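Trainee: For reference, the file entry.txt (compact mmCIF, C-alpha atoms) is included below:
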# COMPACT_ATOMS: atom_id res chain seq x y z
CA MET I 248 -31.02 61.74 28.49
CA SER I 249 -30.44 58.34 27.00
CA LEU I 250 -26.87 57.58 25.97
CA SER I 251 -28.00 56.36 22.58
CA HIS I 252 -28.94 59.89 21.53
CA THR I 253 -25.41 61.21 22.04
CA LYS I 254 -23.74 58.34 20.19
CA ASP I 255 -21.87 59.11 16.98
CA SER I 256 -23.29 57.86 13.70
CA SER I 257 -22.77 54.20 12.91
CA PHE I 258 -19.48 52.84 11.58
CA LEU I 259 -21.28 52.79 8.25
CA GLY I 260 -21.39 56.58 8.17
CA GLY I 261 -24.33 58.93 7.88
CA ARG I 262 -26.18 57.00 5.19
CA ILE I 263 -26.84 53.30 5.73
CA PRO I 264 -26.60 51.36 2.44
CA PRO I 265 -30.04 49.96 1.48
CA GLU I 266 -28.93 46.34 1.44
CA ILE I 267 -27.80 46.66 5.05
CA GLU I 268 -30.86 48.66 6.09
CA SER I 269 -33.09 45.85 4.90
CA LEU I 270 -30.90 43.11 6.35
CA SER I 271 -32.77 42.70 9.63
CA LYS I 272 -36.06 42.39 7.78
CA ASN I 273 -34.61 39.86 5.33
CA LEU I 274 -33.04 37.81 8.09
CA LYS I 275 -36.45 37.06 9.68
CA ASP I 276 -37.10 33.31 9.67
CA VAL I 277 -33.48 32.60 8.87
CA ASP I 278 -32.22 30.10 11.43
CA GLN I 279 -28.69 30.17 12.79
CA GLU I 280 -27.58 27.16 10.80
CA LEU I 281 -28.56 28.72 7.49
CA PHE I 282 -27.14 32.07 8.58
CA ARG I 283 -23.80 30.47 9.38
CA LYS I 284 -23.72 28.71 6.00
CA ILE I 285 -24.28 32.00 4.22
CA LEU I 286 -21.76 33.75 6.43
CA LYS I 287 -19.11 31.16 5.60
CA ALA I 288 -19.75 31.65 1.87
CA VAL I 289 -19.57 35.44 2.19
CA VAL I 290 -16.29 35.28 4.11
CA GLY I 291 -14.94 32.97 1.42
CA ALA I 292 -15.92 35.52 -1.22
CA LEU I 293 -14.15 38.29 0.71
CA GLU I 294 -11.04 36.15 0.76
CA GLY I 295 -11.23 35.93 -3.01
CA LYS I 296 -12.50 32.38 -3.31
CA ASP I 297 -15.04 31.34 -5.91
CA CYS I 298 -18.37 30.72 -4.15
CA THR I 299 -20.75 29.85 -6.97
CA GLU I 300 -21.02 26.17 -6.06
CA VAL I 301 -21.59 26.88 -2.38
CA MET I 302 -24.21 29.51 -3.12
CA LYS I 303 -25.99 27.20 -5.53
CA SER I 304 -26.26 24.47 -2.91
CA ILE I 305 -27.51 26.94 -0.30
CA ALA I 306 -30.13 28.28 -2.70
CA GLU I 307 -31.33 24.79 -3.59
CA SER I 308 -31.50 23.49 -0.03
CA SER I 309 -33.22 26.40 1.65
CA PRO I 310 -36.86 27.50 1.68
CA ILE I 311 -35.88 31.18 1.30
CA PRO I 312 -36.78 32.63 -2.13
CA GLN I 313 -33.74 33.35 -4.27
CA GLU I 314 -34.32 37.09 -4.50
CA ARG I 315 -34.44 37.50 -0.73
CA LEU I 316 -31.33 35.31 -0.47
CA SER I 317 -29.39 37.54 -2.82
CA HIS I 318 -30.38 40.62 -0.79
CA ILE I 319 -29.17 38.87 2.36
CA VAL I 320 -25.85 37.98 0.76
CA ALA I 321 -25.41 41.52 -0.55
CA GLY I 322 -26.18 42.98 2.85
CA MET I 323 -23.81 40.67 4.70
CA TYR I 324 -21.02 41.19 2.22
CA ARG I 325 -21.33 44.96 2.38
CA LEU I 326 -21.53 44.99 6.14
CA LEU I 327 -18.40 42.91 6.56
CA SER I 328 -16.30 44.75 3.95
CA GLU I 329 -17.17 48.11 5.50
CA ALA I 330 -16.29 46.84 8.96
CA ILE I 331 -12.96 45.39 7.84
CA ARG I 332 -11.94 48.65 6.19
CA ILE I 333 -11.77 50.42 9.51
CA PRO I 334 -8.71 49.63 11.63
CA THR I 335 -9.43 47.87 14.92
CA SER I 336 -7.85 50.79 16.71
CA SER I 337 -10.70 52.98 15.50
CA LEU I 338 -13.67 50.65 15.57
CA LYS I 339 -13.97 48.74 18.81
CA GLN I 340 -15.95 45.54 19.13
CA GLU I 341 -18.49 47.03 21.56
CA VAL I 342 -19.27 49.94 19.27
CA PHE I 343 -19.62 47.59 16.30
CA LYS I 344 -22.06 45.42 18.23
CA GLU I 345 -24.00 48.47 19.36
CA ASP I 346 -24.27 49.68 15.77
CA LEU I 347 -25.61 46.32 14.68
CA ARG I 348 -28.14 46.38 17.51
CA GLU I 349 -29.35 49.72 16.21
CA LEU I 350 -29.86 48.05 12.84
CA ARG I 351 -32.03 45.49 14.65
CA VAL I 352 -29.81 42.54 13.75
CA PRO I 353 -30.57 39.60 16.07
CA ASP I 354 -28.05 39.12 18.89
CA ASP I 355 -26.86 35.66 17.83
CA PHE I 356 -26.01 36.96 14.40
CA ILE I 357 -24.24 39.95 15.91
CA THR I 358 -21.94 37.58 17.78
CA ASP I 359 -21.18 35.68 14.59
CA PHE I 360 -20.46 38.88 12.64
CA SER I 361 -18.29 40.11 15.44
CA SER I 362 -16.20 36.96 15.53
CA VAL I 363 -15.39 37.41 11.83
CA VAL I 364 -14.45 41.07 12.10
CA PHE I 365 -12.51 40.81 15.36
CA GLY I 366 -11.42 37.20 15.29
CA ASN I 367 -8.13 35.69 14.22
CA ARG I 368 -9.07 35.54 10.56
CA ARG I 369 -9.09 39.34 10.41
CA ALA I 370 -5.52 39.70 9.17
CA ALA I 371 -6.07 37.22 6.32
CA LEU I 372 -9.23 39.03 5.29
CA GLU I 373 -7.44 42.37 5.24
CA ALA I 374 -4.61 40.97 3.15
CA ALA I 375 -7.04 39.47 0.66
CA THR I 376 -9.12 42.60 0.19
CA SER I 377 -6.12 44.91 -0.19
CA GLN I 378 -4.80 42.84 -3.07
CA ASN I 379 -7.22 44.50 -5.45
CA ASP I 380 -6.18 48.00 -4.49
CA PRO I 381 -4.09 49.98 -6.97
CA HIS I 382 -0.44 50.16 -6.12
CA LEU I 383 2.93 50.41 -7.77
CA PRO I 384 5.08 47.30 -7.97
CA THR I 385 7.13 46.43 -4.92
CA VAL I 386 10.44 44.59 -4.82
CA GLU I 387 9.86 40.89 -4.36
CA ASP I 388 13.40 39.75 -4.81
CA PHE I 389 16.63 41.72 -4.86
CA LYS I 390 19.94 40.19 -5.92
CA TRP I 391 23.24 41.94 -6.40
CA ARG I 392 26.83 41.40 -7.35
CA VAL I 393 29.98 43.46 -7.01
CA ASP I 394 32.30 43.10 -9.98
CA VAL I 395 35.70 44.45 -10.77
CA ALA I 396 36.42 44.62 -14.47
CA ILE I 397 40.05 43.63 -14.73
CA SER I 398 40.32 43.84 -18.47
CA THR I 399 37.99 44.55 -21.35
CA SER I 400 38.21 44.41 -25.11
CA SER I 401 39.05 48.10 -25.08
CA LEU I 402 41.33 48.24 -22.04
CA ALA I 403 43.95 45.74 -20.95
CA ARG I 404 43.92 47.15 -17.41
CA ALA I 405 40.55 48.55 -16.43
CA LEU I 406 40.29 47.78 -12.69
CA GLN I 407 36.89 49.33 -12.44
CA PRO I 408 34.44 48.18 -9.76
CA SER I 409 30.75 48.17 -10.48
CA VAL I 410 27.56 46.82 -8.95
CA LEU I 411 25.14 44.61 -10.84
CA MET I 412 21.57 44.50 -9.56
CA GLN I 413 18.63 42.27 -10.35
CA MET I 414 15.19 43.20 -9.10
CA LYS I 415 12.13 41.01 -9.41
CA LEU I 416 9.04 43.13 -8.97
CA SER I 417 5.60 42.18 -7.71
CA ASP I 418 4.08 42.77 -11.16
CA GLY I 419 6.14 39.94 -12.58
CA THR I 420 8.75 42.04 -14.38
CA SER I 421 12.43 41.66 -13.74
CA GLN I 422 15.06 44.35 -14.15
CA ARG I 423 18.76 43.71 -14.43
CA PHE I 424 21.04 46.70 -14.57
CA GLU I 425 24.50 47.90 -13.78
CA VAL I 426 25.07 50.59 -11.21
CA PRO I 427 28.27 52.66 -11.45
CA VAL I 428 29.84 53.17 -8.06
CA SER I 429 29.00 56.87 -7.99
CA LYS I 430 25.34 56.18 -8.75
CA PHE I 431 25.30 53.52 -6.08
CA GLN I 432 26.43 56.06 -3.51
CA GLU I 433 23.68 58.36 -4.68
CA LEU I 434 21.09 55.59 -4.35
CA ARG I 435 22.26 54.63 -0.89
CA TYR I 436 22.30 58.23 0.27
CA ASN I 437 18.80 58.88 -1.01
CA VAL I 438 17.34 55.74 0.57
CA ALA I 439 18.87 56.76 3.89
CA LEU I 440 17.36 60.21 3.44
CA ILE I 441 13.88 58.80 2.80
CA LEU I 442 14.18 56.59 5.88
CA LYS I 443 15.08 59.58 8.00
CA GLU I 444 12.12 61.52 6.64
CA MET I 445 9.83 58.55 7.29
CA ASN I 446 10.99 58.45 10.89
CA ASP I 447 10.39 62.16 11.30
CA LEU I 448 6.96 61.82 9.72
CA GLU I 449 5.96 59.00 12.02
CA LYS I 450 6.94 61.00 15.05
CA ARG I 451 4.91 64.02 14.14
CA SER I 452 1.73 64.69 16.09
CA ILE I 453 -0.62 64.32 13.15
CA LEU I 454 0.00 60.62 13.24
CA GLN I 455 -0.58 60.41 16.98
CA ILE I 456 -4.10 61.73 16.78
CA GLN I 457 -6.54 58.90 17.15
CA ASP I 458 -9.62 59.07 15.06
CA MET V 127 58.58 46.59 -24.07
CA THR V 128 56.46 44.77 -26.64
CA SER V 129 55.65 46.92 -29.60
CA ILE V 130 51.99 47.64 -29.95
CA ILE V 131 52.23 48.10 -33.69
CA LYS V 132 53.66 45.24 -35.68
CA GLU V 133 54.97 46.14 -39.10
CA THR V 134 52.65 44.08 -41.26
CA GLN V 135 52.20 44.53 -45.00
CA SER V 136 49.06 46.55 -44.54
CA ILE V 137 50.77 48.77 -41.95
CA LYS V 138 53.62 49.38 -44.40
CA GLU V 139 51.14 50.40 -47.07
CA ALA V 140 49.19 52.66 -44.72
CA VAL V 141 52.38 54.32 -43.50
CA THR V 142 53.34 55.19 -47.08
CA PHE V 143 49.99 56.90 -47.65
CA ILE V 144 50.00 58.66 -44.27
CA ASN V 145 53.49 60.02 -44.78
CA ALA V 146 52.31 61.69 -47.98
CA ILE V 147 49.48 63.59 -46.29
CA ASP V 148 49.88 67.22 -45.23
CA VAL V 149 50.53 67.42 -41.47
CA ASN V 150 47.83 69.93 -40.65
CA LYS V 151 45.16 68.06 -42.54
CA PHE V 152 46.21 64.88 -40.87
CA SER V 153 46.10 66.48 -37.46
CA ARG V 154 42.46 67.38 -37.88
CA LEU V 155 41.72 63.88 -39.13
CA ILE V 156 43.25 62.23 -36.08
CA SER V 157 41.47 64.54 -33.66
CA ARG V 158 38.15 63.60 -35.16
CA ILE V 159 38.94 59.89 -35.07
CA ILE V 160 39.95 59.89 -31.42
CA GLN V 161 36.79 61.77 -30.48
CA LYS V 162 34.60 59.05 -31.91
CA LEU V 163 36.71 56.11 -30.83
CA HIS V 164 34.49 55.12 -27.87
CA LEU V 165 31.42 54.72 -30.05
CA LYS V 166 31.51 51.19 -31.29
CA GLY V 167 29.91 50.52 -34.61
CA GLU V 168 29.42 54.11 -35.65
CA ARG V 169 31.15 55.47 -38.71
CA THR V 170 33.58 58.26 -37.98
CA PHE V 171 32.87 59.94 -41.30
CA SER V 172 29.70 59.92 -43.35
CA GLU V 173 29.69 58.89 -47.00
CA GLU V 174 29.72 62.53 -48.05
CA GLU V 175 32.54 63.43 -45.73
CA GLU V 176 34.60 60.52 -47.01
CA GLU V 177 34.16 61.67 -50.58
CA LYS V 178 35.33 65.16 -49.62
CA LEU V 179 38.32 63.65 -47.83
CA GLN V 180 39.25 61.62 -50.89
CA ALA V 181 39.45 64.84 -52.87
CA ALA V 182 41.20 66.86 -50.18
CA LEU V 183 43.85 64.23 -49.50
CA SER V 184 44.15 63.02 -53.11
CA LEU V 185 43.48 59.45 -52.10
CA GLU V 186 41.50 56.70 -53.78
CA LYS V 187 38.56 55.29 -51.81
CA GLN V 188 40.43 52.15 -50.77
CA ALA V 189 43.54 54.08 -49.79
CA LEU V 190 41.46 56.45 -47.67
CA HIS V 191 39.81 53.53 -45.86
CA LEU V 192 43.20 52.02 -45.15
CA VAL V 193 44.46 55.30 -43.72
CA LEU V 194 41.37 55.77 -41.55
CA GLU V 195 41.34 52.19 -40.29
CA THR V 196 45.05 52.16 -39.54
CA SER V 197 44.91 55.45 -37.69
CA ALA V 198 42.01 54.18 -35.62
CA PHE V 199 43.86 50.94 -34.97
CA ILE V 200 46.95 52.79 -33.74
CA LEU V 201 44.83 54.78 -31.33
CA GLU V 202 42.91 51.72 -30.13
CA GLN V 203 46.17 49.97 -29.38
CA ALA V 204 47.39 53.01 -27.51
CA VAL V 205 44.24 52.94 -25.38
CA TYR V 206 44.32 49.22 -24.80
CA HIS V 207 47.89 49.21 -23.54
CA ASN V 208 47.65 52.69 -22.07
CA VAL V 209 51.04 53.61 -23.50
CA LYS V 210 52.89 56.75 -22.64
CA PRO V 211 52.92 59.38 -25.40
CA ALA V 212 56.70 59.22 -25.75
CA SER V 213 56.61 55.47 -26.16
CA LEU V 214 53.91 55.76 -28.80
CA GLN V 215 56.00 58.23 -30.76
CA GLN V 216 59.02 55.93 -30.64
CA GLN V 217 57.05 52.92 -31.80
CA LEU V 218 55.49 54.78 -34.69
CA GLU V 219 58.87 55.96 -35.86
CA ALA V 220 60.02 52.34 -35.60
CA VAL V 221 57.48 51.39 -38.27
CA HIS V 222 58.79 54.19 -40.45
CA LEU V 223 56.15 56.81 -39.87
CA ASN V 224 57.62 60.29 -40.45
CA PRO V 225 58.74 62.01 -37.24
CA ASP V 226 56.28 64.88 -37.74
CA LYS V 227 53.34 62.47 -38.05
CA ALA V 228 54.55 60.36 -35.15
CA GLU V 229 54.84 63.45 -32.98
CA MET V 230 51.38 64.50 -33.99
CA PHE V 231 49.89 61.14 -33.02
CA SER V 232 51.70 61.35 -29.74
CA GLN V 233 50.45 64.85 -29.01
CA THR V 234 46.84 64.03 -29.83
CA TRP V 235 47.11 60.97 -27.62
CA ALA V 236 48.55 63.00 -24.78
CA THR V 237 45.68 65.49 -24.88
CA ALA V 238 42.66 63.34 -25.60
CA GLY V 239 43.91 59.99 -24.34
CA PRO V 240 43.25 60.11 -20.58
CA GLU V 241 39.64 61.21 -21.06
CA LEU V 242 39.07 58.42 -23.57
CA VAL V 243 40.47 55.83 -21.19
CA GLU V 244 38.17 57.05 -18.41
CA ARG V 245 35.17 56.95 -20.68
CA LEU V 246 35.98 53.41 -21.80
CA LYS V 247 36.44 52.29 -18.21
CA HIS V 248 32.88 53.31 -17.58
CA ASN V 249 31.46 51.64 -20.65
CA ILE V 250 28.70 49.34 -19.59
CA PHE V 251 28.62 45.67 -20.27
CA ALA V 252 25.23 44.97 -18.78
CA PRO V 253 22.09 45.52 -20.82
CA LYS V 254 21.06 48.56 -18.82
CA LYS V 255 22.67 51.14 -16.60
CA LEU V 256 21.21 53.10 -13.73
CA GLU V 257 21.46 56.76 -14.63
CA PHE V 258 18.88 58.52 -12.52
CA VAL V 259 17.55 58.19 -8.99
CA GLY V 260 14.45 60.07 -7.92
CA TRP V 261 11.98 59.58 -5.12
CA GLN V 262 8.78 60.69 -3.48
CA LEU V 263 7.63 60.18 0.09
CA ASN V 264 3.87 59.90 0.47
CA LEU V 265 1.53 59.50 3.38
CA GLN V 266 -1.17 57.14 2.33
CA MET V 267 -4.45 58.06 3.94
CA ALA V 268 -6.77 55.39 2.55
CA GLN V 269 -7.43 52.94 -0.24
CA SER V 270 -10.41 50.98 -1.51
CA SER V 271 -10.07 48.29 1.11
CA LYS V 272 -8.60 50.27 3.98
CA ALA V 273 -9.72 53.47 5.66
CA ARG V 274 -7.85 55.74 8.08
CA LEU V 275 -4.38 54.54 7.13
CA LYS V 276 -1.75 57.22 7.66
CA SER V 277 0.96 54.93 6.38
CA PRO V 278 4.17 56.38 4.93
CA SER V 279 5.02 55.04 1.52
CA ALA V 280 8.04 55.82 -0.62
CA VAL V 281 8.22 55.64 -4.39
CA LEU V 282 11.65 55.20 -5.92
CA GLN V 283 12.18 56.18 -9.55
CA LEU V 284 15.04 54.40 -11.26
CA GLY V 285 16.05 55.78 -14.64
CA LEU V 286 17.64 53.01 -16.68
CA ARG V 287 19.37 53.52 -19.99
CA SER V 288 20.07 50.72 -22.44
CA GLU V 289 23.53 50.48 -23.95
CA ASP V 290 22.56 51.49 -27.46
CA SER V 291 19.75 53.91 -26.85
CA GLU V 292 19.38 57.50 -25.77
CA VAL V 293 15.99 56.85 -24.19
CA GLN V 294 15.73 56.38 -20.46
CA GLU V 295 13.35 53.78 -19.13
CA ASN V 296 11.71 54.64 -15.83
CA VAL V 297 11.02 51.97 -13.26
CA PHE V 298 8.81 52.94 -10.33
CA VAL V 299 8.98 50.88 -7.17
CA GLU V 300 6.99 51.33 -3.98
CA PHE V 301 8.20 50.65 -0.45
CA ASN V 302 6.61 50.83 2.96
CA HIS V 303 8.80 51.57 5.95
CA GLN V 304 9.72 47.98 6.64
CA GLU V 305 10.44 47.17 3.01
CA LEU V 306 12.61 50.25 2.61
CA LEU V 307 14.57 49.39 5.73
CA GLU V 308 15.25 45.89 4.42
CA PHE V 309 16.36 47.33 1.09
CA TYR V 310 18.67 49.76 2.84
CA ASN V 311 20.26 46.98 4.89
CA LYS V 312 21.06 45.13 1.68
CA LEU V 313 22.61 48.29 0.20
CA GLU V 314 24.76 48.54 3.31
CA ILE V 315 26.07 45.04 2.71
CA VAL V 316 26.96 45.99 -0.88
CA GLN V 317 28.74 49.06 0.43
CA GLY V 318 30.73 46.87 2.76
CA GLN V 319 31.87 44.82 -0.21
CA LEU V 320 32.87 47.92 -2.16
CA ASP V 321 34.81 49.20 0.84
CA SER V 322 36.75 45.96 1.10
CA LEU V 323 38.03 46.48 -2.43
CA THR V 324 40.01 49.61 -1.63
Could you write out this file's structure as structure tokens?
Mentor:
Amino acid sequence: MSLSHTKDSSFLGGRIPPEIESLSKNLKDVDQELFRKILKAVVGALEGKDCTEVMKSIAESSPIPQERLSHIVAGMYRLLSEAIRIPTSSLKQEVFKEDLRELRVPDDFITDFSSVVFGNRRAALEAATSQNDPHLPTVEDFKWRVDVAISTSSLARALQPSVLMQMKLSDGTSQRFEVPVSKFQELRYNVALILKEMNDLEKRSILQIQD
Amino acid sequence: MTSIIKETQSIKEAVTFINAIDVNKFSRLISRIIQKLHLKGERTFSEEEEEKLQAALSLEKQALHLVLETSAFILEQAVYHNVKPASLQQQLEAVHLNPDKAEMFSQTWATAGPELVERLKHNIFAPKKLEFVGWQLNLQMAQSSKARLKSPSAVLQLGLRSEDSEVQENVFVEFNHQELLEFYNKLEIVQGQLDSLT
């Protein structure tokens, strides 16, 4: 029995998106030079760059009709974004290449695709694509001060310590607030508690299972 | 010991009015004043209440204001210098307040004073104060750009209250493991500073 019959479904899942299904057909007569130009533009788009100029020049300088070109771009973009979603621990290079072979993508192009997904630009691509994902603000900058109020307008001798915190968040907002010593202890205790729970969580077997 | 109440003309006037007021009525008045002393800018008595007081104490509007302001002033001075009740009594008698009134001031101060001082010590000077800490630990499984994650993520809820408002503003901040660890290390440094104060 041939190995290919026992292989799991492609990294793209059970249903292959139409733009990827038709990719091999659309890539007929596309030489490597043109392919690499398009690939470069698509990678730029994934990184968040504006590619209108590049795409215009490709469209003008190539014999491929514009409609077919846009299908090719769509297919390549979709293929790469789906591949980058999956962590490298789950999707190995060999399996990726095998899946592309099953889609009848020419070998040279498979190598080029592979070098994008598994090359050293991978981390930058991941960082760029995850920027659009929804998330709560994170702390970008955290400054603090410990004060002791010696005297106030109401009390000649106050001698009360307090903590002043300033947090700059990733959404651009800044919060400055005072933390009474008792609340500070509560904050510190809770953060330590979360860290302990995180450690416990990471040790549990559910996280060790490879998928 | 420097006297906390100097016998100015207005004090002399106020003392005359105060001495004429019935002790029990005055006692209730002082209790109410000291209760509201920590709230800056708020009137102790509403317009209506003041009118009733004018009638009850047989005082003209201006005289009533003088009595209320002077009583508040005496108590504010007591708080500021954190005087002992006995000393307060002595000083009030020195400005010719009747012994029964002076004793009454002193007693009210002895009962309600310490709590007031504590409350004022904790009065905030910064625009906002941290009042509430809540959190949630999540295990993020995936997002639009990333599948098969299994990454722990903590959300910290900080409830901040502005000085002059009852409403709490909630700030939600997210941390991954590394970020939370870095935050904790900074909190430890702050703790070290607080410890060095004692």
Trainee: Which chain V residues are at most 6 Å from chain I (counting only C-alpha atoms), as a ChimeraX atom specification?
Mentor: /V:206-207,247,252,254-256,270-273,299-300
Trainee: Taking 6 positions as the minimum chain separation for residues in the same chain, which residues sit within 7 Å of Ser271 (chain I) when counting only C-alpha atoms? Answer as a compact mmCIF listing (two decimals) with C-alpha atoms, in the frame of the given file.
Mentor:
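Output saved as part30.txt:
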# COMPACT_ATOMS: atom_id res chain seq x y z
CA LEU I 350 -29.86 48.05 12.84
CA ARG I 351 -32.03 45.49 14.65
CA VAL I 352 -29.81 42.54 13.75
Trainee: Rounded to one decimal in Å, what is the spacing between CA of Pro211 (chain V) and CA of Ile147 (chain V)?
Mentor: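 One can read the CA of Pro211 (chain V) to CA of Ile147 (chain V) distance as 21.6 Å.
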Trainee: Compute the distance from (-23.1, 45.5, 7.0) to each atom, counting all atoms listed in the file, keep the residues with any atom at most 12 Å away, and return them as a PyMOL selection string; use the coordinates of the file.
Mentor: chain I and resi 257-260+263-271+286+289+318-332+343-344+346-352+356-357+360-361+364
Trainee: State, in Å with one decimal place, the distance from CA of Phe365 (chain I) to CA of Gln340 (chain I).
Mentor: 7.0 Å
Trainee: Counting all atoms listed in the file, what is within 8 Å of region 301-315 of chain I, bar same-chain residues fewer than 2 positions away, as a list in words?
Mentor: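 Residues near the query, excluding close chain neighbours: Asn273, Leu281, Lys284, Ile285, Ala288, Cys298, Thr299, Ser317, His318 and Ile319 of chain I.
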Trainee: For a cutoff of 12 Å around the file-coordinate point (7.8, 54.1, 5.9), which residues qualify once you count all atoms listed in the file? I'd like the result as a ChimeraX atom specification.
Mentor: /I:438-450 /V:262-266,276-281,300-309
Trainee: What separation in Å, quoted to one decimal, exists between CA of Leu194 (chain V) and CA of Gly239 (chain V)?
Mentor: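 Interatomic distance here is 17.9 Å.
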Trainee: Around all of region 370-381 of chain I's listed atoms, make the axis-aligned box with 3 Å on each side and tell me centre and edge lengths in Å to one decimal, as AutoDock Vina command-line options.
Mentor:
--center_x -6.7 --center_y 43.6 --center_z 1.1 --size_x 11.1 --size_y 18.8 --size_z 22.1
Trainee: Under the rule that only C-alpha atoms are counted, which of V:Thr324, V:Gln188, V:Glu257, V:Glu314 is the nearest residue to Ser288 (chain V)?
Mentor: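 With only C-alpha atoms as the atom set, the closest residue is V:Glu257.
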Trainee: Need the shell around Gln215 (chain V): protein/DNA/RNA residues with any atom at most 10 Å away, counting only C-alpha atoms. Skip same-chain ones fewer than 3 positions apart. Format as a ChimeraX atom specification?
Mentor: /V:209-212,218-220,223,225-233,235
Trainee: Those selected residues, please, written with C-alpha atoms and delivered as a JSON list (two decimals), in the frame of the given file.
Mentor:
[["chain", "number", "residue", "atom", "x", "y", "z"],
["V", 209, "VAL", "CA", 51.04, 53.61, -23.50],
["V", 210, "LYS", "CA", 52.89, 56.75, -22.64],
["V", 211, "PRO", "CA", 52.92, 59.38, -25.40],
["V", 212, "ALA", "CA", 56.70, 59.22, -25.75],
["V", 218, "LEU", "CA", 55.49, 54.78, -34.69],
["V", 219, "GLU", "CA", 58.87, 55.96, -35.86],
["V", 220, "ALA", "CA", 60.02, 52.34, -35.60],
["V", 223, "LEU", "CA", 56.15, 56.81, -39.87],
["V", 225, "PRO", "CA", 58.74, 62.01, -37.24],
["V", 226, "ASP", "CA", 56.28, 64.88, -37.74],
["V", 227, "LYS", "CA", 53.34, 62.47, -38.05],
["V", 228, "ALA", "CA", 54.55, 60.36, -35.15],
["V", 229, "GLU", "CA", 54.84, 63.45, -32.98],
["V", 230, "MET", "CA", 51.38, 64.50, -33.99],
["V", 231, "PHE", "CA", 49.89, 61.14, -33.02],
["V", 232, "SER", "CA", 51.70, 61.35, -29.74],
["V", 233, "GLN", "CA", 50.45, 64.85, -29.01],
["V", 235, "TRP", "CA", 47.11, 60.97, -27.62]]
Trainee: Give me the residues near Ser136 (chain V) as JSON, numbers by chain, where near means some atom within 12 Å (using all atoms listed in the file) and where sequence neighbours in that chain fewer than 3 positions away do not count.
Mentor: {"V": [131, 132, 133, 139, 140, 141, 142, 143, 189, 191, 192, 193, 195, 196, 197, 199, 221]}
Trainee: Could you save those same residues with C-alpha atoms as a short mmCIF file (atom, residue, chain, number, x, y, z; two decimals), keeping the file's coordinate frame?
Mentor:
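Below is the file out.cif, written as the result:
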data_model
loop_
_atom_site.label_atom_id
_atom_site.label_comp_id
_atom_site.auth_asym_id
_atom_site.auth_seq_id
_atom_site.Cartn_x
_atom_site.Cartn_y
_atom_site.Cartn_z
CA ILE V 131 52.23 48.10 -33.69
CA LYS V 132 53.66 45.24 -35.68
CA GLU V 133 54.97 46.14 -39.10
CA GLU V 139 51.14 50.40 -47.07
CA ALA V 140 49.19 52.66 -44.72
CA VAL V 141 52.38 54.32 -43.50
CA THR V 142 53.34 55.19 -47.08
CA PHE V 143 49.99 56.90 -47.65
CA ALA V 189 43.54 54.08 -49.79
CA HIS V 191 39.81 53.53 -45.86
CA LEU V 192 43.20 52.02 -45.15
CA VAL V 193 44.46 55.30 -43.72
CA GLU V 195 41.34 52.19 -40.29
CA THR V 196 45.05 52.16 -39.54
CA SER V 197 44.91 55.45 -37.69
CA PHE V 199 43.86 50.94 -34.97
CA VAL V 221 57.48 51.39 -38.27
#
Trainee: V:Leu320, V:Val293, V:Ile144, V:Ala238: which is nearest Leu183 (chain V), counting all atoms listed in the file?
Mentor: V:Ile144
